[in-house]
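Shown next: target-v7.txt, containing compact mmCIF, C-alpha atoms.
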```txt
# COMPACT_ATOMS: atom_id res chain seq x y z
CA MET W 92 26.48 119.10 -102.52
CA LEU W 93 24.24 121.46 -104.50
CA THR W 94 23.47 118.78 -107.09
CA ARG W 95 22.54 116.33 -104.36
CA SER W 96 20.29 118.87 -102.67
CA VAL W 97 18.51 119.62 -105.94
CA ALA W 98 18.03 115.90 -106.59
CA LEU W 99 16.59 115.36 -103.12
CA LEU W 100 14.28 118.32 -103.52
CA ALA W 101 13.07 117.03 -106.89
CA ALA W 102 12.49 113.56 -105.46
CA GLY W 103 10.59 114.97 -102.51
CA THR W 104 8.46 117.13 -104.78
CA SER W 105 7.66 114.18 -107.02
CA LEU W 106 6.70 111.98 -104.08
CA GLY W 107 4.57 114.75 -102.65
CA THR W 108 2.81 115.30 -105.96
CA VAL W 109 2.11 111.59 -106.37
CA GLY W 110 0.86 111.33 -102.81
CA TYR W 111 -1.45 114.29 -103.29
CA GLY W 112 -2.62 112.85 -106.62
CA MET W 113 -3.48 109.56 -104.97
CA THR W 114 -5.61 111.24 -102.30
CA GLN W 115 -7.47 113.04 -105.10
CA ALA W 116 -7.99 109.91 -107.20
CA LEU W 117 -9.16 107.75 -104.32
CA GLY W 118 -11.26 110.41 -102.60
CA ALA W 119 -14.84 111.61 -102.94
CA PRO W 120 -15.77 113.59 -106.05
CA ARG W 121 -16.34 117.31 -105.70
CA THR W 122 -19.52 118.96 -106.98
CA VAL W 123 -19.23 121.35 -109.91
CA ARG W 124 -22.18 123.52 -110.98
CA VAL W 125 -22.55 124.78 -114.54
CA ARG W 126 -25.20 127.14 -115.89
CA MET W 127 -26.02 126.07 -119.45
CA PRO W 128 -27.78 128.47 -121.84
CA VAL W 129 -30.10 126.65 -124.26
CA ALA W 130 -31.58 128.73 -127.08
CA ARG W 131 -34.70 126.65 -127.74
CA LEU W 132 -35.48 125.80 -124.12
CA ASP W 133 -38.97 126.71 -122.97
CA PRO W 134 -38.68 129.12 -120.00
CA ARG W 135 -40.84 126.73 -117.99
CA LEU W 136 -37.87 124.33 -118.03
CA SER W 137 -35.33 126.89 -116.83
CA GLY W 138 -33.48 125.60 -113.80
CA PHE W 139 -33.78 121.94 -114.83
CA ARG W 140 -30.81 120.16 -113.20
CA ILE W 141 -28.94 117.24 -114.74
CA ALA W 142 -26.38 115.52 -112.51
CA VAL W 143 -23.62 114.30 -114.83
CA VAL W 144 -21.07 111.68 -113.85
CA GLY W 145 -18.76 109.63 -116.02
CA ASP W 146 -15.71 107.41 -115.92
CA ILE W 147 -16.48 105.82 -112.56
CA HIS W 148 -14.13 102.96 -113.53
CA LEU W 149 -15.08 100.41 -110.91
CA GLY W 150 -12.36 97.80 -110.56
CA PRO W 151 -9.63 96.48 -108.26
CA LEU W 152 -9.06 99.80 -106.45
CA LEU W 153 -12.50 101.39 -106.75
CA GLY W 154 -15.35 99.27 -105.45
CA ARG W 155 -18.69 99.51 -103.67
CA ALA W 156 -17.53 102.24 -101.28
CA HIS W 157 -16.59 104.40 -104.26
CA THR W 158 -19.98 103.89 -105.90
CA THR W 159 -21.65 104.81 -102.60
CA ARG W 160 -19.64 108.07 -102.45
CA VAL W 161 -20.68 108.93 -105.99
CA VAL W 162 -24.35 108.18 -105.31
CA GLU W 163 -24.37 110.22 -102.10
CA THR W 164 -22.72 113.16 -103.89
CA ILE W 165 -25.33 113.03 -106.66
CA ASN W 166 -28.30 112.70 -104.33
CA ARG W 167 -27.20 115.71 -102.30
CA THR W 168 -27.61 117.87 -105.42
CA ASN W 169 -31.33 117.01 -105.64
CA PRO W 170 -31.22 116.56 -109.44
CA ASP W 171 -34.10 116.40 -111.87
CA LEU W 172 -32.26 113.75 -113.90
CA VAL W 173 -29.04 111.71 -113.63
CA ALA W 174 -26.77 111.12 -116.64
CA ILE W 175 -23.97 108.52 -116.48
CA VAL W 176 -21.84 109.15 -119.55
CA GLY W 177 -19.90 105.91 -119.92
CA ASP W 178 -16.91 103.94 -118.62
CA LEU W 179 -18.71 102.54 -115.61
CA ALA W 180 -16.34 99.66 -114.95
CA ASP W 181 -13.11 97.86 -115.76
CA GLY W 182 -14.40 94.35 -115.25
CA THR W 183 -17.47 92.27 -116.01
CA ALA W 184 -20.92 92.60 -114.50
CA ALA W 185 -20.46 89.15 -112.98
CA GLN W 186 -17.29 90.31 -111.22
CA LEU W 187 -18.45 93.77 -110.13
CA GLY W 188 -22.22 93.50 -109.82
CA ASP W 189 -22.11 93.99 -106.05
CA ASP W 190 -19.89 97.06 -106.43
CA VAL W 191 -22.36 98.80 -108.73
CA GLU W 192 -25.46 97.96 -106.66
CA PRO W 193 -25.55 101.32 -104.79
CA LEU W 194 -26.67 102.95 -108.07
CA ARG W 195 -30.10 101.58 -107.17
CA ARG W 196 -30.29 104.34 -104.56
CA LEU W 197 -29.93 107.21 -107.05
CA THR W 198 -32.83 109.62 -106.64
CA SER W 199 -34.11 112.12 -109.21
CA ARG W 200 -37.45 113.28 -110.58
CA HIS W 201 -37.02 111.94 -114.10
CA GLY W 202 -34.78 108.92 -113.65
CA SER W 203 -31.21 107.79 -114.30
CA PHE W 204 -29.73 107.22 -117.76
CA PHE W 205 -26.54 105.66 -119.13
CA VAL W 206 -24.59 105.56 -122.38
CA THR W 207 -21.75 103.18 -123.14
CA GLY W 208 -18.08 104.14 -123.04
CA ASN W 209 -15.07 102.44 -124.58
CA HIS W 210 -14.17 100.57 -121.39
CA ASP W 211 -17.71 99.22 -121.09
CA TYR W 212 -17.24 97.39 -124.38
CA MET W 213 -14.00 95.91 -123.07
CA SER W 214 -15.95 94.71 -120.02
CA GLY W 215 -19.03 93.19 -121.66
CA ALA W 216 -21.36 96.06 -122.50
CA ALA W 217 -24.48 93.95 -123.06
CA ASP W 218 -24.20 92.39 -119.61
CA TRP W 219 -23.67 95.81 -118.04
CA VAL W 220 -26.74 97.19 -119.78
CA ALA W 221 -28.78 94.32 -118.36
CA GLU W 222 -27.28 94.82 -114.89
CA LEU W 223 -28.07 98.53 -114.91
CA ALA W 224 -31.67 97.86 -115.95
CA GLU W 225 -32.06 95.84 -112.75
CA LEU W 226 -30.88 98.93 -110.84
CA ASN W 227 -33.41 101.24 -112.54
CA VAL W 228 -30.76 102.87 -114.75
CA HIS W 229 -31.98 103.05 -118.35
CA THR W 230 -29.45 102.81 -121.19
CA LEU W 231 -29.99 105.13 -124.13
CA ALA W 232 -28.62 102.99 -126.95
CA ASN W 233 -28.97 105.21 -130.04
CA GLU W 234 -32.37 106.38 -128.88
CA ARG W 235 -34.19 109.35 -127.42
CA LEU W 236 -37.16 110.09 -125.21
CA GLU W 237 -39.18 113.09 -124.13
CA ILE W 238 -38.55 114.76 -120.78
CA ALA W 239 -41.56 116.88 -119.80
CA ARG W 240 -42.24 119.30 -116.96
CA GLY W 241 -44.94 121.89 -116.47
CA GLY W 242 -46.32 121.54 -119.98
CA ALA W 243 -42.91 121.98 -121.64
CA ALA W 244 -40.45 119.36 -122.91
CA PHE W 245 -37.03 118.63 -124.34
CA ASP W 246 -35.57 115.51 -125.95
CA LEU W 247 -32.97 113.44 -124.12
CA ALA W 248 -30.91 111.30 -126.48
CA GLY W 249 -27.98 108.95 -126.16
CA VAL W 250 -25.59 107.35 -128.63
CA ASN W 251 -23.28 104.39 -128.20
CA ASP W 252 -19.54 104.90 -127.94
CA ILE W 253 -17.35 104.84 -131.04
CA THR W 254 -15.67 101.66 -129.75
CA GLY W 255 -18.98 99.88 -130.24
CA LYS W 256 -18.32 99.80 -133.98
CA SER W 257 -15.93 96.89 -133.49
CA HIS W 258 -18.68 95.08 -131.55
CA HIS W 259 -21.39 95.72 -134.18
CA ASP W 260 -22.93 98.20 -131.73
CA GLY W 261 -21.62 101.60 -132.80
CA PRO W 262 -23.21 105.02 -132.59
CA ASN W 263 -26.19 105.73 -134.83
CA PHE W 264 -26.99 109.44 -134.81
CA ALA W 265 -29.72 109.14 -137.41
CA ARG W 266 -31.61 106.64 -135.30
CA ALA W 267 -31.18 108.67 -132.11
CA LEU W 268 -31.85 112.12 -133.54
CA GLY W 269 -33.64 111.78 -136.85
CA SER W 270 -37.27 112.78 -137.43
CA ARG W 271 -37.58 114.73 -134.19
CA ASP W 272 -39.52 117.93 -133.54
CA PRO W 273 -37.06 120.70 -134.58
CA SER W 274 -38.74 123.22 -132.29
CA ARG W 275 -37.79 121.22 -129.21
CA PRO W 276 -34.23 121.28 -127.81
CA VAL W 277 -32.21 118.10 -127.46
CA VAL W 278 -29.66 117.11 -124.84
CA LEU W 279 -27.33 114.36 -126.08
CA LEU W 280 -25.34 111.95 -123.93
CA ALA W 281 -22.21 110.76 -125.77
CA HIS W 282 -19.15 109.33 -124.03
CA GLN W 283 -16.42 110.87 -126.18
CA PRO W 284 -16.30 114.64 -126.78
CA VAL W 285 -15.18 114.04 -130.38
CA GLN W 286 -18.69 112.77 -131.12
CA ILE W 287 -19.67 116.44 -131.25
CA GLU W 288 -18.58 116.32 -134.90
CA ASP W 289 -21.71 114.29 -135.66
CA ALA W 290 -23.90 115.98 -133.06
CA THR W 291 -23.57 119.38 -134.72
CA LYS W 292 -24.90 117.93 -137.99
CA TYR W 293 -28.13 117.04 -136.18
CA ASP W 294 -28.64 120.46 -134.59
CA VAL W 295 -27.99 119.20 -131.05
CA ASP W 296 -28.32 121.91 -128.41
CA VAL W 297 -26.25 120.31 -125.64
CA GLN W 298 -23.81 117.38 -125.58
CA LEU W 299 -22.69 115.92 -122.25
CA SER W 300 -19.51 113.81 -122.36
CA GLY W 301 -16.68 112.34 -120.33
CA HIS W 302 -13.81 110.07 -121.44
CA THR W 303 -10.92 112.49 -120.93
CA HIS W 304 -10.70 112.45 -117.10
CA GLY W 305 -9.78 116.11 -117.49
CA GLY W 306 -6.36 114.84 -118.51
CA GLN W 307 -5.94 113.08 -115.13
CA MET W 308 -2.26 114.07 -114.88
CA PHE W 309 0.57 115.47 -117.00
CA PRO W 310 1.37 114.69 -119.81
CA VAL W 311 -1.96 112.94 -120.48
CA GLN W 312 -3.58 116.34 -121.07
CA LEU W 313 -1.39 116.78 -124.14
CA LEU W 314 -2.32 113.37 -125.51
CA VAL W 315 -6.04 114.02 -125.04
CA LYS W 316 -5.78 117.11 -127.22
CA LEU W 317 -4.56 114.99 -130.12
CA ASP W 318 -7.93 113.24 -130.64
CA GLN W 319 -10.51 115.23 -128.67
CA PRO W 320 -11.79 118.78 -129.24
CA ALA W 321 -11.27 119.76 -125.59
CA VAL W 322 -10.10 118.28 -122.29
CA ALA W 323 -12.68 119.43 -119.74
CA GLY W 324 -15.35 122.00 -118.97
CA LEU W 325 -17.80 124.01 -121.03
CA HIS W 326 -17.23 124.74 -124.73
CA LYS W 327 -19.21 125.77 -127.79
CA VAL W 328 -18.80 123.98 -131.11
CA ASP W 329 -20.81 125.68 -133.87
CA ASP W 330 -24.23 126.10 -132.22
CA THR W 331 -23.84 123.15 -129.82
CA MET W 332 -22.86 123.55 -126.18
CA LEU W 333 -20.43 120.83 -125.05
CA TYR W 334 -19.70 119.97 -121.43
CA ILE W 335 -16.93 117.48 -120.60
CA THR W 336 -16.91 116.17 -117.05
CA ARG W 337 -13.57 115.16 -115.50
CA GLY W 338 -15.21 111.96 -114.24
CA ALA W 339 -15.33 110.31 -110.86
CA GLY W 340 -12.71 107.58 -111.20
CA PHE W 341 -9.36 106.97 -112.86
CA TRP W 342 -7.63 104.65 -115.28
CA GLY W 343 -4.08 103.39 -114.92
CA PRO W 344 -2.15 104.76 -111.93
CA PRO W 345 -4.41 105.91 -109.07
CA VAL W 346 -3.26 109.51 -109.42
CA ARG W 347 -5.06 112.73 -110.37
CA VAL W 348 -3.13 116.00 -110.49
CA GLY W 349 -4.89 119.17 -111.58
CA ALA W 350 -7.98 117.18 -112.52
CA PRO W 351 -9.93 116.29 -109.36
CA PRO W 352 -12.82 113.80 -109.64
CA GLU W 353 -16.20 115.44 -110.00
CA VAL W 354 -19.95 115.20 -110.28
CA THR W 355 -21.33 118.04 -112.39
CA VAL W 356 -24.74 119.64 -112.02
CA VAL W 357 -25.66 121.12 -115.39
CA GLU W 358 -28.52 123.59 -114.95
CA LEU W 359 -30.41 124.36 -118.13
CA HIS W 360 -31.63 127.91 -118.73
CA ALA W 361 -33.61 129.54 -121.52
CA ARG W 362 -31.80 132.35 -123.28
```

Represent the structure from my file as structure tokens, please.
Amino acid sequence: MLTRSVALLAAGTSLGTVGYGMTQALGAPRTVRVRMPVARLDPRLSGFRIAVVGDIHLGPLLGRAHTTRVVETINRTNPDLVAIVGDLADGTAAQLGDDVEPLRRLTSRHGSFFVTGNHDYMSGAADWVAELAELNVHTLANERLEIARGGAAFDLAGVNDITGKSHHDGPNFARALGSRDPSRPVVLLAHQPVQIEDATKYDVDVQLSGHTHGGQMFPVQLLVKLDQPAVAGLHKVDDTMLYITRGAGFWGPPVRVGAPPEVTVVELHAR
């Protein structure tokens, strides 16, 4: 009798956990706010807000309504800039173009930017880059640009995902970060946290990444630690600040336990 009761309790707990995880995975992302100290940031740029979202993973279970939730969450934060750090979709632009269309309604003072993730290469990255351009989302493909406000500026850079190497479109840190003004800070968008190993060599101040889903559910967290420097949140690697967003979607089973979907507002501050 005791064994049966324990088995029933375990089954009930498992079902309850899965049910809760599904509501998390299929629900709206929460908003997380992070204060980011940046040593070289001009004080006139203090308070600059970057809305970071990654791993939206549009596909069979996450469609246009999901994109709309993400866009509404971002717009409510009133960001200065929007950064989409890869893994937009699990499907081609031809299949999912209507589902991504709400990104056109993103609002920010300095625009919306994207870098490729591993799943984007599996889904036709070049077509997605073209689709996003039509929606006023600019892809930073191993390149950088100046973001200026009030007479001060920082560099925003982006590198392609590591998976791009097998598509002759891999990351090129020298192209994105070489020959820049060393007195000006740089914020780098890179899908995988492990790309920090190259970012530190180029004196990057801040790297914004995704890819891990915050582990999504046990035991994935343990697997993530095998090839990434961290699973989620704010970290410092040498002199580079690294933030890893848990992402707004999921991959595999529609379950998130202990890693709710999120949109992160990274607020830059001079030290």

Quiz prompt | Proximity to Met332 (chain W) - best of W:Gly249, W:Gly261, W:Gly241, W:Pro276, all atoms listed in the file | solution =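 Of all the options, W:Pro276 lies closest to Met332 (chain W).
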
Quiz prompt | Top pick for closest residue to Ser274 (chain W), considering W:Ala243, W:Leu179, W:Ala185, W:Ala290 and counting only C-alpha atoms | solution = W:Ala243

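Separating CA of Leu299 (chain W) from CA of Gln186 (chain W) is a distance of 28.4 Å.
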
Hey, which bits of region 218-304 of chain W sit within 10 Å of region 142-154 of chain W, and for each residue what's the closest pair of atoms and how far apart in Å (one decimal), counting all atoms listed in the file, rows by chain and increasing number, as JSON lines?
```
{"residue": "W:Leu280", "atom": "CA", "partner": "W:Val143", "partner_atom": "CA", "distance": 9.6}
{"residue": "W:His282", "atom": "CA", "partner": "W:Gly145", "partner_atom": "CA", "distance": 8.0}
{"residue": "W:Leu299", "atom": "CA", "partner": "W:Val143", "partner_atom": "CA", "distance": 7.7}
{"residue": "W:Ser300", "atom": "CA", "partner": "W:Gly145", "partner_atom": "CA", "distance": 7.6}
{"residue": "W:Gly301", "atom": "CA", "partner": "W:Gly145", "partner_atom": "CA", "distance": 5.5}
{"residue": "W:His302", "atom": "CA", "partner": "W:Asp146", "partner_atom": "CA", "distance": 6.4}
{"residue": "W:Thr303", "atom": "CA", "partner": "W:Asp146", "partner_atom": "CA", "distance": 8.6}
{"residue": "W:His304", "atom": "CA", "partner": "W:Asp146", "partner_atom": "CA", "distance": 7.2}
```

Quiz item: What is the CA of Ser214 (chain W)-CA of Asp181 (chain W) distance in Å, reported with one decimal?
Solution: 6.0 Å

Quiz item: Which polymer residues have any atom within 9 Å of an atom of Gly255 (chain W), counting all atoms listed in the file, with same-chain residues fewer than 2 positions away left out, as a ChimeraX atom specification?
Solution: /W:207-209,212,216,251-253,257-262

Quiz item: Smallest atom-to-atom distance to Ser203 (chain W): which of W:Gly242, W:Gly138, W:Pro170, W:Gly340, using all atoms listed in the file?
Solution: W:Pro170

Practice problem: Find the residues near Leu223 (chain W): any atom within 12 Å, counting only C-alpha atoms, skip ones fewer than 6 places away on the same chain, and give them as a PyMOL selection string. | Solution: chain W and resi 175+179-180+184+187-195+197+203-207+216-217+229-231

Might I get the box with edges along x, y and z of the file that holds all atoms of region 266-270 of chain W listed there, padded by 5 Å on every side, given as centre and edge lengths in Å to one decimal, as lines of an AutoDock Vina configuration file?
```
center_x = -34.2
center_y = 109.7
center_z = -134.8
size_x = 16.1
size_y = 16.1
size_z = 15.3
```

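Going from CA of Val162 (chain W) over to CA of Glu237 (chain W), you cover 24.5 Å.
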
What's around Leu325 (chain W) at 12 Å? Count all atoms listed in the file, leave out sequence neighbours fewer than 4 positions away in its own chain, and write the answer as a PDB file with C-alpha atoms, in the coordinates of the input.
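Ended up saving to part-v6.pdb:
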```pdb
ATOM      1  CA  VAL W 123     -19.230 121.350-109.910  1.00  0.00           C
ATOM      2  CA  ARG W 124     -22.180 123.520-110.980  1.00  0.00           C
ATOM      3  CA  VAL W 125     -22.550 124.780-114.540  1.00  0.00           C
ATOM      4  CA  ARG W 126     -25.200 127.140-115.890  1.00  0.00           C
ATOM      5  CA  MET W 127     -26.020 126.070-119.450  1.00  0.00           C
ATOM      6  CA  PRO W 128     -27.780 128.470-121.840  1.00  0.00           C
ATOM      7  CA  PRO W 284     -16.300 114.640-126.780  1.00  0.00           C
ATOM      8  CA  VAL W 297     -26.250 120.310-125.640  1.00  0.00           C
ATOM      9  CA  GLN W 298     -23.810 117.380-125.580  1.00  0.00           C
ATOM     10  CA  LEU W 299     -22.690 115.920-122.250  1.00  0.00           C
ATOM     11  CA  SER W 300     -19.510 113.810-122.360  1.00  0.00           C
ATOM     12  CA  GLY W 301     -16.680 112.340-120.330  1.00  0.00           C
ATOM     13  CA  GLY W 305      -9.780 116.110-117.490  1.00  0.00           C
ATOM     14  CA  PRO W 320     -11.790 118.780-129.240  1.00  0.00           C
ATOM     15  CA  ALA W 321     -11.270 119.760-125.590  1.00  0.00           C
ATOM     16  CA  THR W 331     -23.840 123.150-129.820  1.00  0.00           C
ATOM     17  CA  MET W 332     -22.860 123.550-126.180  1.00  0.00           C
ATOM     18  CA  LEU W 333     -20.430 120.830-125.050  1.00  0.00           C
ATOM     19  CA  TYR W 334     -19.700 119.970-121.430  1.00  0.00           C
ATOM     20  CA  ILE W 335     -16.930 117.480-120.600  1.00  0.00           C
ATOM     21  CA  THR W 336     -16.910 116.170-117.050  1.00  0.00           C
ATOM     22  CA  ARG W 337     -13.570 115.160-115.500  1.00  0.00           C
ATOM     23  CA  THR W 355     -21.330 118.040-112.390  1.00  0.00           C
ATOM     24  CA  VAL W 357     -25.660 121.120-115.390  1.00  0.00           C
TER      25      VAL W 357
END
```

Quiz prompt | For Phe139 (chain W), the nearest of the candidates W:Gln283, W:Thr164, W:Thr158, W:Asn169, counting all atoms listed in the file | solution = W:Asn169

Quiz item: Which of these residues is nearest to His157 (chain W), using only C-alpha atoms: W:Leu236, W:Leu359, W:Ala130, W:Ala339?
Solution: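 For His157 (chain W), the nearest of the candidates is W:Ala339.
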
Exercise. Name the closest residue to Leu172 (chain W) among the candidates W:Ala239, W:Arg155, W:Asp211, W:Phe264; distances are taken between atoms, counting only C-alpha atoms.
Key: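 Closest to Leu172 (chain W), using only C-alpha atoms: W:Ala239.
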
Supply region 230-243 of chain W as a compact mmCIF listing (two decimals), in the frame of the given file, with N, CA, C and O atoms built in where the input has gaps.
```txt
# COMPACT_ATOMS: atom_id res chain seq x y z
N THR W 230 -30.48 102.53 -120.18
CA THR W 230 -29.45 102.81 -121.19
C THR W 230 -30.09 103.39 -122.44
O THR W 230 -31.05 102.84 -122.99
N LEU W 231 -29.57 104.53 -122.88
CA LEU W 231 -29.99 105.13 -124.13
C LEU W 231 -29.04 104.65 -125.22
O LEU W 231 -27.95 105.18 -125.40
N ALA W 232 -29.45 103.61 -125.93
CA ALA W 232 -28.62 102.99 -126.95
C ALA W 232 -29.10 103.46 -128.32
O ALA W 232 -29.97 102.85 -128.94
N ASN W 233 -28.56 104.60 -128.77
CA ASN W 233 -28.97 105.21 -130.04
C ASN W 233 -30.48 105.46 -130.04
O ASN W 233 -31.19 105.07 -130.97
N GLU W 234 -30.95 106.10 -128.99
CA GLU W 234 -32.37 106.38 -128.88
C GLU W 234 -32.60 107.68 -128.13
O GLU W 234 -31.67 108.24 -127.55
N ARG W 235 -33.84 108.13 -128.13
CA ARG W 235 -34.19 109.35 -127.42
C ARG W 235 -35.58 109.18 -126.79
O ARG W 235 -36.36 108.32 -127.19
N LEU W 236 -35.84 110.06 -125.83
CA LEU W 236 -37.16 110.09 -125.21
C LEU W 236 -37.48 111.52 -124.81
O LEU W 236 -36.61 112.38 -124.78
N GLU W 237 -38.72 111.76 -124.50
CA GLU W 237 -39.18 113.09 -124.13
C GLU W 237 -39.11 113.26 -122.62
O GLU W 237 -39.53 112.39 -121.86
N ILE W 238 -38.56 114.39 -122.19
CA ILE W 238 -38.55 114.76 -120.78
C ILE W 238 -39.46 115.98 -120.64
O ILE W 238 -39.20 117.04 -121.24
N ALA W 239 -40.55 115.83 -119.89
CA ALA W 239 -41.56 116.88 -119.80
C ALA W 239 -41.71 117.38 -118.37
O ALA W 239 -41.58 116.62 -117.41
N ARG W 240 -41.97 118.69 -118.26
CA ARG W 240 -42.24 119.30 -116.96
C ARG W 240 -43.06 120.56 -117.17
O ARG W 240 -42.69 121.40 -117.99
N GLY W 241 -44.14 120.67 -116.44
CA GLY W 241 -44.94 121.89 -116.47
C GLY W 241 -45.47 122.27 -117.83
O GLY W 241 -45.58 123.45 -118.16
N GLY W 242 -45.79 121.28 -118.66
CA GLY W 242 -46.32 121.54 -119.98
C GLY W 242 -45.28 121.83 -121.04
O GLY W 242 -45.63 122.10 -122.19
N ALA W 243 -44.00 121.78 -120.69
CA ALA W 243 -42.91 121.98 -121.64
C ALA W 243 -42.05 120.72 -121.70
O ALA W 243 -42.12 119.87 -120.81
```
